[in-house]
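Colleague: Contents of run12.csv (CSV, C-alpha atoms) are below:
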```
chain,number,residue,atom,x,y,z
A,1,MET,CA,-3.8,10.9,-2.5
A,2,ALA,CA,-4.8,14.6,-2.2
A,3,LYS,CA,-3.1,16.9,-4.6
A,4,ALA,CA,-0.5,19.2,-3.1
A,5,LYS,CA,2.8,20.7,-4.1
A,6,THR,CA,5.9,19.0,-2.9
A,7,LYS,CA,8.6,21.2,-1.5
A,8,LYS,CA,12.2,20.5,-2.6
A,9,LYS,CA,14.2,18.6,0.0
A,10,SER,CA,16.9,21.1,0.7
A,11,LEU,CA,18.5,22.1,4.0
A,12,VAL,CA,17.1,25.2,5.7
A,13,LYS,CA,19.1,27.2,8.2
A,14,VAL,CA,17.2,28.1,11.4
A,15,GLY,CA,19.4,29.8,13.9
A,16,PRO,CA,22.4,27.7,14.9
A,17,LYS,CA,20.7,24.5,13.7
A,18,THR,CA,20.2,22.9,10.3
A,19,VAL,CA,16.8,21.2,10.0
A,20,LEU,CA,14.9,19.4,7.2
A,21,PRO,CA,11.9,21.3,5.8
A,22,PHE,CA,8.4,19.9,5.7
A,23,ASP,CA,8.4,16.9,3.4
A,24,LYS,CA,5.1,15.1,3.2
A,25,TYR,CA,6.3,12.1,1.3
A,26,ALA,CA,9.2,11.5,3.7
A,27,PHE,CA,7.0,11.9,6.7
A,28,TYR,CA,4.4,9.5,5.2
A,29,HIS,CA,7.1,7.0,4.5
A,30,GLU,CA,8.4,7.0,8.0
A,31,ALA,CA,4.9,7.0,9.7
A,32,VAL,CA,3.0,4.6,7.5
A,33,GLN,CA,5.2,2.5,5.3
A,34,SER,CA,7.6,-0.4,6.0
A,35,PRO,CA,8.4,-1.5,2.4
A,36,ASP,CA,11.4,-3.6,3.4
A,37,ALA,CA,9.3,-5.8,5.6
A,38,ASP,CA,6.4,-5.8,3.1
A,39,VAL,CA,8.4,-7.2,0.2
A,40,GLU,CA,9.8,-9.9,2.5
A,41,PHE,CA,6.3,-10.9,3.4
A,42,TYR,CA,5.2,-11.0,-0.3
A,43,GLU,CA,8.1,-13.2,-1.1
A,44,LYS,CA,7.4,-15.5,1.8
A,45,ALA,CA,3.7,-15.8,1.0
A,46,PHE,CA,4.4,-16.6,-2.7
A,47,LYS,CA,6.8,-19.4,-1.8
A,48,GLU,CA,4.3,-20.8,0.7
A,49,ILE,CA,1.5,-20.8,-1.8
A,50,HIS,CA,3.3,-21.5,-5.1
A,51,LYS,CA,6.1,-23.7,-3.9
A,52,ASN,CA,7.4,-24.8,-7.4
A,53,LYS,CA,6.9,-21.5,-9.3
A,54,LYS,CA,9.9,-19.3,-10.0
A,55,LEU,CA,9.3,-15.8,-8.8
A,56,THR,CA,10.7,-12.8,-10.6
A,57,THR,CA,8.4,-9.8,-11.2
A,58,LEU,CA,6.4,-7.7,-8.8
A,59,ARG,CA,3.9,-5.0,-10.1
A,60,GLU,CA,3.0,-2.4,-7.6
A,61,ASP,CA,-0.4,-0.9,-8.5
A,62,PHE,CA,-1.2,2.6,-7.1
A,63,CYS,CA,2.5,2.8,-6.5
A,64,ALA,CA,2.7,6.5,-5.6
A,65,ALA,CA,6.5,7.1,-5.0
A,66,GLY,CA,7.3,3.4,-5.7
A,67,ALA,CA,8.9,2.6,-2.3
A,68,ILE,CA,7.8,-1.1,-2.6
A,69,SER,CA,9.1,-1.3,-6.2
A,70,CYS,CA,12.5,-0.1,-5.1
A,71,GLU,CA,12.7,-2.5,-2.2
A,72,TRP,CA,11.7,-5.5,-4.3
A,73,VAL,CA,14.7,-5.3,-6.6
A,74,LYS,CA,17.0,-5.2,-3.6
A,75,LEU,CA,15.8,-8.6,-2.5
A,76,ASN,CA,17.3,-10.6,-5.3
A,77,LYS,CA,19.5,-9.8,-8.3
A,78,ASN,CA,17.0,-11.5,-10.6
A,79,TYR,CA,13.9,-9.6,-9.3
A,80,LYS,CA,12.2,-6.9,-11.4
A,81,SER,CA,9.5,-4.4,-10.5
A,82,CYS,CA,7.0,-2.2,-12.2
A,83,GLY,CA,5.0,0.5,-10.4
A,84,LEU,CA,1.8,2.0,-11.9
A,85,ASP,CA,0.1,5.2,-10.8
A,86,LEU,CA,-2.0,8.0,-12.4
A,87,ASP,CA,-0.4,10.8,-10.4
A,88,PRO,CA,3.0,12.0,-11.8
A,89,GLU,CA,3.9,14.0,-8.7
A,90,PRO,CA,4.7,11.1,-6.2
A,91,MET,CA,6.3,9.1,-9.0
A,92,ALA,CA,8.6,12.1,-9.7
A,93,TYR,CA,9.4,12.2,-6.0
A,94,GLY,CA,10.3,8.5,-6.0
A,95,ARG,CA,12.6,8.9,-9.0
A,96,GLU,CA,14.4,11.8,-7.3
A,97,HIS,CA,14.6,10.4,-3.7
A,98,TYR,CA,14.3,6.5,-3.8
A,99,PHE,CA,15.9,5.5,-7.1
A,100,PRO,CA,19.2,7.2,-6.4
A,101,LYS,CA,19.5,5.0,-3.3
A,102,LEU,CA,19.5,1.9,-5.6
A,103,THR,CA,22.6,0.7,-7.4
A,104,LYS,CA,22.8,1.4,-11.2
A,105,GLU,CA,22.1,-2.3,-11.8
A,106,GLU,CA,19.0,-2.2,-9.4
A,107,GLN,CA,17.7,0.9,-11.1
A,108,GLY,CA,17.7,-1.0,-14.4
A,109,ARG,CA,15.3,-3.6,-13.0
A,110,ALA,CA,12.7,-1.1,-11.6
A,111,VAL,CA,10.4,1.2,-13.6
A,112,LEU,CA,7.5,3.5,-12.7
A,113,ILE,CA,4.8,4.1,-15.3
A,114,GLN,CA,1.9,6.5,-15.4
A,115,LYS,CA,-1.1,4.3,-16.2
A,116,ASN,CA,-4.7,3.6,-15.2
A,117,VAL,CA,-5.1,0.1,-13.6
A,118,LEU,CA,-8.6,-0.1,-15.2
A,119,GLU,CA,-7.0,-0.1,-18.7
A,120,LYS,CA,-6.5,-3.3,-20.6
A,121,ASN,CA,-3.2,-4.9,-21.2
A,122,LEU,CA,-1.5,-4.1,-17.9
A,123,PRO,CA,2.2,-5.1,-17.6
A,124,VAL,CA,2.5,-8.8,-16.9
A,125,ALA,CA,3.9,-9.9,-13.5
A,126,ASP,CA,4.3,-12.9,-11.3
A,127,MET,CA,2.8,-11.0,-8.4
A,128,VAL,CA,0.7,-7.8,-8.1
A,129,ALA,CA,0.4,-5.8,-4.9
A,130,ALA,CA,-2.3,-3.2,-4.3
A,131,VAL,CA,-1.6,-2.1,-0.8
A,132,ASN,CA,-2.1,0.9,1.6
A,133,PHE,CA,-5.8,0.2,1.0
A,134,SER,CA,-5.5,2.0,-2.4
A,135,TYR,CA,-8.1,0.0,-4.2
A,136,CYS,CA,-10.8,1.4,-1.8
A,137,LEU,CA,-11.1,4.4,-4.1
A,138,PHE,CA,-13.2,2.1,-6.2
A,139,LYS,CA,-16.7,2.6,-4.6
A,140,LYS,CA,-18.8,0.5,-7.1
A,141,ARG,CA,-18.7,-3.2,-7.1
A,142,GLU,CA,-18.5,-3.4,-10.9
A,143,GLU,CA,-15.4,-1.1,-10.9
A,144,LEU,CA,-13.6,-3.2,-8.3
A,145,LYS,CA,-14.5,-6.4,-10.1
A,146,GLN,CA,-13.1,-4.9,-13.4
A,147,TYR,CA,-9.9,-4.1,-11.7
A,148,PHE,CA,-9.6,-7.6,-10.2
A,149,GLU,CA,-10.3,-9.1,-13.6
A,150,ASN,CA,-7.5,-6.9,-15.1
A,151,VAL,CA,-5.1,-8.2,-12.4
A,152,TYR,CA,-6.0,-11.8,-13.0
A,153,LYS,CA,-5.4,-11.5,-16.7
A,154,SER,CA,-2.1,-9.8,-16.2
A,155,LEU,CA,-0.6,-12.4,-13.8
A,156,ASN,CA,2.0,-14.5,-15.5
A,157,GLY,CA,0.8,-18.1,-15.0
A,158,PRO,CA,0.6,-19.2,-11.4
A,159,GLY,CA,0.7,-16.0,-9.4
A,160,LEU,CA,-0.6,-13.9,-6.5
A,161,PHE,CA,-2.6,-10.8,-6.1
A,162,ILE,CA,-1.9,-9.2,-2.7
A,163,THR,CA,-4.3,-6.6,-1.1
A,164,ASP,CA,-4.4,-5.3,2.4
A,165,ILE,CA,-7.5,-4.3,4.3
A,166,PHE,CA,-8.4,-2.8,7.7
A,167,GLY,CA,-11.5,-2.8,9.9
A,168,GLY,CA,-12.8,-3.2,13.4
A,169,SER,CA,-15.5,-1.4,15.4
A,170,GLN,CA,-13.3,1.6,16.0
A,171,CYS,CA,-13.1,2.3,12.3
A,172,GLY,CA,-16.7,3.6,12.3
A,173,ASP,CA,-15.9,6.3,14.9
A,174,ALA,CA,-14.9,9.9,14.3
A,175,ILE,CA,-11.5,9.9,16.0
A,176,GLU,CA,-8.0,11.3,15.5
A,177,ASP,CA,-5.0,9.2,16.4
A,178,ARG,CA,-1.7,10.9,17.0
A,179,HIS,CA,1.8,9.4,16.9
A,180,LYS,CA,5.0,11.2,17.7
A,181,PHE,CA,8.2,10.6,15.6
A,182,LYS,CA,11.6,12.2,15.9
A,183,ASN,CA,11.1,15.2,13.6
A,184,PHE,CA,7.3,15.4,13.4
A,185,THR,CA,3.9,14.2,14.7
A,186,TYR,CA,1.6,12.1,12.5
A,187,TYR,CA,-2.2,12.3,12.8
A,188,TRP,CA,-4.7,9.8,11.3
A,189,ASP,CA,-8.0,11.5,11.3
A,190,GLN,CA,-11.2,9.4,10.8
A,191,LYS,CA,-13.8,12.0,9.9
A,192,GLY,CA,-16.6,9.6,9.9
A,193,PHE,CA,-18.3,6.6,8.4
A,194,ASP,CA,-21.7,6.2,6.6
A,195,PRO,CA,-23.1,2.7,7.2
A,196,VAL,CA,-25.6,3.1,4.4
A,197,SER,CA,-22.9,3.6,1.7
A,198,ALA,CA,-20.1,2.0,3.6
A,199,GLU,CA,-18.0,5.1,2.8
A,200,GLY,CA,-15.5,6.8,5.1
A,201,LEU,CA,-13.4,9.9,4.9
A,202,PHE,CA,-9.9,9.8,6.3
A,203,GLN,CA,-7.2,12.5,6.4
A,204,ILE,CA,-3.5,12.6,7.4
A,205,HIS,CA,-2.1,15.7,9.1
A,206,PHE,CA,1.4,16.4,10.3
A,207,ARG,CA,2.9,18.7,12.9
A,208,HIS,CA,6.4,19.9,12.1
A,209,LYS,CA,8.5,22.6,13.9
A,210,GLY,CA,5.4,24.0,15.6
A,211,THR,CA,3.2,24.1,12.6
A,212,LYS,CA,0.3,21.7,11.9
A,213,TYR,CA,-0.2,20.9,8.3
A,214,GLU,CA,-3.8,19.9,7.9
A,215,ASN,CA,-5.3,17.5,5.3
A,216,VAL,CA,-1.9,16.7,3.7
A,217,PHE,CA,-3.4,13.5,2.3
A,218,THR,CA,-7.2,12.8,2.0
A,219,TYR,CA,-8.8,9.4,1.3
A,220,ASP,CA,-12.5,9.1,0.3
A,221,TRP,CA,-12.9,5.4,0.4
A,222,ARG,CA,-15.5,2.6,0.4
A,223,MET,CA,-14.8,0.3,3.3
A,224,TRP,CA,-14.9,-3.1,1.7
A,225,THR,CA,-15.0,-6.2,3.9
A,226,ILE,CA,-13.0,-9.4,3.6
A,227,PRO,CA,-16.0,-11.5,2.4
A,228,GLU,CA,-16.7,-8.9,-0.3
A,229,LEU,CA,-13.1,-9.0,-1.5
A,230,LYS,CA,-13.1,-12.8,-1.5
A,231,GLU,CA,-16.3,-13.0,-3.5
A,232,LEU,CA,-15.1,-10.4,-6.1
A,233,MET,CA,-11.7,-12.2,-6.5
A,234,LEU,CA,-13.4,-15.5,-7.1
A,235,GLU,CA,-15.8,-13.9,-9.6
A,236,ALA,CA,-12.8,-12.3,-11.4
A,237,GLY,CA,-11.3,-15.8,-11.9
A,238,PHE,CA,-9.0,-16.4,-8.9
A,239,GLU,CA,-9.2,-20.1,-7.9
A,240,ASP,CA,-8.4,-19.6,-4.3
A,241,ILE,CA,-8.2,-16.9,-1.6
A,242,LYS,CA,-5.9,-16.8,1.4
A,243,VAL,CA,-6.3,-14.5,4.4
A,244,TYR,CA,-3.3,-13.5,6.5
A,245,TRP,CA,-4.1,-11.9,9.8
A,246,GLU,CA,-1.8,-9.6,11.9
A,247,GLY,CA,-1.0,-10.8,15.4
A,248,THR,CA,-0.8,-8.6,18.5
A,249,ASN,CA,2.2,-7.6,20.5
A,250,LYS,CA,2.5,-7.4,24.3
A,251,LYS,CA,0.9,-4.0,24.4
A,252,GLY,CA,-2.1,-5.1,22.5
A,253,GLY,CA,-1.1,-3.4,19.2
A,254,GLY,CA,-0.3,-4.9,15.9
A,255,SER,CA,2.8,-7.1,15.8
A,256,GLY,CA,3.6,-6.7,12.1
A,257,ILE,CA,3.6,-10.5,11.8
A,258,PHE,CA,0.9,-12.0,9.5
A,259,LYS,CA,-0.2,-15.6,9.5
A,260,GLN,CA,-2.7,-17.5,7.4
A,261,VAL,CA,-6.0,-17.9,9.1
A,262,GLU,CA,-9.5,-19.3,8.6
A,263,LYS,CA,-11.0,-17.0,11.2
A,264,GLY,CA,-10.2,-13.5,12.5
A,265,GLU,CA,-10.7,-11.8,15.8
A,266,PRO,CA,-13.3,-9.2,16.9
A,267,CYS,CA,-10.8,-6.4,17.5
A,268,LEU,CA,-11.4,-2.6,17.8
A,269,SER,CA,-9.0,-2.3,14.9
A,270,TRP,CA,-7.3,-4.9,12.7
A,271,ILE,CA,-5.2,-5.2,9.6
A,272,ALA,CA,-5.1,-8.3,7.3
A,273,TYR,CA,-4.0,-9.3,3.8
A,274,VAL,CA,-6.4,-10.8,1.3
A,275,ILE,CA,-4.5,-12.7,-1.3
A,276,GLY,CA,-6.0,-13.9,-4.6
A,277,VAL,CA,-4.4,-17.1,-5.9
A,278,LYS,CA,-4.1,-17.9,-9.6
A,279,ASN,CA,-3.1,-21.5,-10.2
A,280,LYS,CA,-2.7,-21.7,-13.9
```
Rewrite the structure from the file as structure tokens, please.

Modeller:
Amino acid sequence: MAKAKTKKKSLVKVGPKTVLPFDKYAFYHEAVQSPDADVEFYEKAFKEIHKNKKLTTLREDFCAAGAISCEWVKLNKNYKSCGLDLDPEPMAYGREHYFPKLTKEEQGRAVLIQKNVLEKNLPVADMVAAVNFSYCLFKKREELKQYFENVYKSLNGPGLFITDIFGGSQCGDAIEDRHKFKNFTYYWDQKGFDPVSAEGLFQIHFRHKGTKYENVFTYDWRMWTIPELKELMLEAGFEDIKVYWEGTNKKGGGSGIFKQVEKGEPCLSWIAYVIGVKNK
């Protein structure tokens, strides 16, 4: 994520009304994330693939504010979570805004750690999630393979490595999508795509109370493909790879329901999960 200062979430008086100030992490969470549904999918996928393995620990790599880590410990009184990220700012936000919403007992089963995922001896977990396309910051094949190898080594026996990925012909266009929410407007700005390097530049803007906040988050990514991820996971040691494809709703958009597939669809825009399976 792009570096920017986070404003304190205090109430500001504007005339006769009380309104929330601009809060980039809160707006991002509402516009982009659905951690409660995400962790339910992770749990379901694990039980589908590793039917006889007891599931306890989730590690959230590139965790930012740790929303997924917090939701994970709510699912089951025995579940534990660990979030890793290099940037202390979003983790501090999560500790201030997300952790207080957990019970004291739940807080004791969740931790956020400032750590580089390319380092050796990562915290061991039954399942690792690297979502919101965060691993795409690795532009070189050897870097991404090193990360995948680290994940494989840190999985506790039979385990899963969950990544998400997006694509489609529209992802190569320079376009700006806009979505209105109750208190703000969210913009996903695709600045462009270079087919030679397979690199794309993406930015998130927000409009709040008449002001447009430009380039709140910036992502300079390599646009990896599903076959590339599958090949790298297998080279890193994973014994099998599963792909879960998102279905469509009546309006032609994403349904939020992911099912295991052998083939995808030639959509303008799609989202899928690529899951590395460790069997031993």

Colleague: Return the single residue from A:Phe62, A:Phe161, A:Trp224, A:Phe193 that is closest to Leu144 (chain A), with distances computed using only C-alpha atoms.

Modeller: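 So, comparing all the options, the nearest one is A:Trp224.
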
Colleague: For the atom pair CA of Met127 (chain A) and CA of Ala31 (chain A), what is the interatomic distance in Å to one decimal place?

Modeller: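 These two atoms are separated by 25.6 Å.
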
Colleague: Using all atoms listed in the file, give me every residue within 10 Å of (7.8, 1.8, -15.1) in file coordinates, as an NGL selection string.

Modeller: :A and (59-60 or 66 or 69 or 81-85 or 91 or 109-115 or 123)

Colleague: Which residues are close to Asn121 (chain A), i.e. within 10 Å by only C-alpha atoms, leaving aside same-chain residues fewer than 5 positions away? Reply as a PyMOL selection string.

Modeller: chain A and resi 150-151+153-154

Colleague: May I have the selected residues written with C-alpha atoms, as a compact mmCIF listing (two decimals), in the frame of the given file?

Modeller:
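selection_0.txt, written as the output of this step:
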```
# COMPACT_ATOMS: atom_id res chain seq x y z
CA ASN A 150 -7.50 -6.90 -15.10
CA VAL A 151 -5.10 -8.20 -12.40
CA LYS A 153 -5.40 -11.50 -16.70
CA SER A 154 -2.10 -9.80 -16.20
```

Colleague: CA of Asp126 (chain A) and CA of Glu231 (chain A), how far apart in Å?

Modeller: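 Separation of CA of Glu231 (chain A) and CA of Asp126 (chain A): 22.0 Å.
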
Colleague: Have a look at CA of Asn279 (chain A) and CA of Gly167 (chain A) and let me know their distance in Å, one decimal.

Modeller: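 If I compute the distance from CA of Asn279 (chain A) to CA of Gly167 (chain A), I get 28.7 Å.
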
Colleague: Using all atoms listed in the file, determine which residues lie at most 10 Å from region 163-166 of chain A, disregarding the query and same-chain residues fewer than 6 positions distant; provide the list as a ChimeraX atom specification.

Modeller: /A:128-136,223-226,229,243-245,269-276

Colleague: Using all atoms listed in the file, which of the listed residues (A:Ala174, A:Gly264, A:Lys139, A:Phe258) sits closest to Tyr42 (chain A)?

Modeller: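 Counting all atoms listed in the file, the residue closest to Tyr42 (chain A) is A:Phe258.
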
Colleague: Between A:Glu105, A:Glu143, A:Glu96, A:Asp38, which has the minimum distance to Trp72 (chain A) (counting all atoms listed in the file)?

Modeller: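 Looking at the shortest contact to Trp72 (chain A), the residue is A:Asp38.
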
Colleague: Give me region 105-145 of chain A from this structure - N, CA and C atoms, as a CSV table (one decimal), in the first residue's frame.

Modeller:
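After the write, part-v1.csv holds the following:
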```
chain,number,residue,atom,x,y,z
A,105,GLU,N,-10.7,-12.8,25.4
A,105,GLU,CA,-10.3,-14.1,25.1
A,105,GLU,C,-9.9,-14.3,23.6
A,106,GLU,N,-10.6,-13.7,22.7
A,106,GLU,CA,-10.3,-13.7,21.3
A,106,GLU,C,-9.0,-12.9,21.0
A,107,GLN,N,-8.9,-11.8,21.6
A,107,GLN,CA,-7.6,-11.0,21.5
A,107,GLN,C,-6.4,-11.8,21.8
A,108,GLY,N,-6.5,-12.7,22.8
A,108,GLY,CA,-5.4,-13.5,23.2
A,108,GLY,C,-5.0,-14.6,22.2
A,109,ARG,N,-5.9,-14.8,21.2
A,109,ARG,CA,-5.6,-15.8,20.2
A,109,ARG,C,-5.2,-15.2,18.8
A,110,ALA,N,-5.0,-13.9,18.8
A,110,ALA,CA,-4.7,-13.2,17.6
A,110,ALA,C,-3.5,-12.3,17.8
A,111,VAL,N,-2.5,-12.3,16.8
A,111,VAL,CA,-1.4,-11.4,17.0
A,111,VAL,C,-1.0,-10.9,15.6
A,112,LEU,N,-0.4,-9.7,15.6
A,112,LEU,CA,0.1,-9.1,14.3
A,112,LEU,C,1.6,-8.8,14.6
A,113,ILE,N,2.4,-9.2,13.6
A,113,ILE,CA,3.8,-9.2,13.7
A,113,ILE,C,4.4,-8.4,12.5
A,114,GLN,N,5.3,-7.5,12.7
A,114,GLN,CA,6.0,-6.8,11.7
A,114,GLN,C,7.2,-7.7,11.2
A,115,LYS,N,7.0,-8.3,10.0
A,115,LYS,CA,8.0,-9.3,9.5
A,115,LYS,C,7.9,-9.4,8.0
A,116,ASN,N,9.1,-9.6,7.4
A,116,ASN,CA,9.2,-9.8,5.9
A,116,ASN,C,8.9,-11.3,5.6
A,117,VAL,N,7.9,-11.5,4.7
A,117,VAL,CA,7.6,-12.9,4.3
A,117,VAL,C,8.7,-13.6,3.6
A,118,LEU,N,9.7,-12.9,3.1
A,118,LEU,CA,10.8,-13.6,2.4
A,118,LEU,C,11.9,-14.1,3.4
A,119,GLU,N,11.7,-13.7,4.7
A,119,GLU,CA,12.6,-14.2,5.7
A,119,GLU,C,12.4,-15.7,6.0
A,120,LYS,N,13.4,-16.3,6.5
A,120,LYS,CA,13.3,-17.7,6.9
A,120,LYS,C,12.5,-17.9,8.2
A,121,ASN,N,12.1,-19.1,8.5
A,121,ASN,CA,11.5,-19.4,9.8
A,121,ASN,C,10.2,-18.5,10.1
A,122,LEU,N,9.3,-18.5,9.1
A,122,LEU,CA,8.1,-17.8,9.3
A,122,LEU,C,7.2,-18.6,10.4
A,123,PRO,N,6.3,-17.9,11.1
A,123,PRO,CA,5.5,-18.6,12.0
A,123,PRO,C,4.7,-19.7,11.4
A,124,VAL,N,4.7,-20.9,12.1
A,124,VAL,CA,4.0,-22.1,11.5
A,124,VAL,C,2.5,-21.9,11.6
A,125,ALA,N,1.8,-22.5,10.6
A,125,ALA,CA,0.3,-22.4,10.6
A,125,ALA,C,-0.2,-23.6,9.8
A,126,ASP,N,-1.5,-23.9,10.1
A,126,ASP,CA,-2.2,-25.0,9.3
A,126,ASP,C,-2.5,-24.4,7.9
A,127,MET,N,-2.8,-23.1,7.9
A,127,MET,CA,-3.2,-22.5,6.6
A,127,MET,C,-2.7,-21.1,6.5
A,128,VAL,N,-2.2,-20.7,5.3
A,128,VAL,CA,-1.7,-19.4,5.1
A,128,VAL,C,-2.5,-18.8,4.0
A,129,ALA,N,-2.9,-17.5,4.2
A,129,ALA,CA,-3.6,-16.7,3.2
A,129,ALA,C,-2.8,-15.5,2.8
A,130,ALA,N,-2.6,-15.3,1.5
A,130,ALA,CA,-2.0,-14.1,0.9
A,130,ALA,C,-3.0,-13.6,-0.1
A,131,VAL,N,-3.9,-12.7,0.4
A,131,VAL,CA,-5.0,-12.3,-0.5
A,131,VAL,C,-5.0,-10.8,-0.7
A,132,ASN,N,-6.0,-10.3,-1.4
A,132,ASN,CA,-6.1,-9.0,-1.9
A,132,ASN,C,-4.9,-8.7,-2.9
A,133,PHE,N,-4.5,-9.9,-3.6
A,133,PHE,CA,-3.5,-9.9,-4.7
A,133,PHE,C,-2.2,-9.3,-4.2
A,134,SER,N,-1.9,-9.4,-2.9
A,134,SER,CA,-0.7,-8.7,-2.3
A,134,SER,C,0.6,-9.3,-2.8
A,135,TYR,N,0.7,-10.6,-3.1
A,135,TYR,CA,1.9,-11.2,-3.6
A,135,TYR,C,2.3,-10.7,-4.9
A,136,CYS,N,1.4,-9.9,-5.6
A,136,CYS,CA,1.8,-9.4,-6.9
A,136,CYS,C,2.8,-8.3,-6.9
A,137,LEU,N,3.2,-7.9,-5.7
A,137,LEU,CA,4.3,-6.9,-5.6
A,137,LEU,C,5.6,-7.6,-5.9
A,138,PHE,N,5.7,-8.9,-5.9
A,138,PHE,CA,6.9,-9.7,-6.3
A,138,PHE,C,6.8,-9.8,-7.9
A,139,LYS,N,7.7,-9.1,-8.5
A,139,LYS,CA,7.7,-9.0,-10.0
A,139,LYS,C,8.6,-10.0,-10.7
A,140,LYS,N,9.5,-10.6,-9.9
A,140,LYS,CA,10.4,-11.5,-10.5
A,140,LYS,C,10.0,-12.9,-10.1
A,141,ARG,N,10.2,-13.9,-11.0
A,141,ARG,CA,9.8,-15.2,-10.8
A,141,ARG,C,10.5,-15.9,-9.6
A,142,GLU,N,11.8,-15.6,-9.5
A,142,GLU,CA,12.6,-16.2,-8.4
A,142,GLU,C,12.2,-15.7,-7.0
A,143,GLU,N,11.7,-14.4,-7.0
A,143,GLU,CA,11.2,-13.9,-5.7
A,143,GLU,C,9.9,-14.5,-5.3
A,144,LEU,N,9.0,-14.7,-6.2
A,144,LEU,CA,7.7,-15.3,-5.9
A,144,LEU,C,7.9,-16.7,-5.5
A,145,LYS,N,8.8,-17.4,-6.2
A,145,LYS,CA,9.1,-18.8,-5.9
A,145,LYS,C,9.7,-18.9,-4.5
```
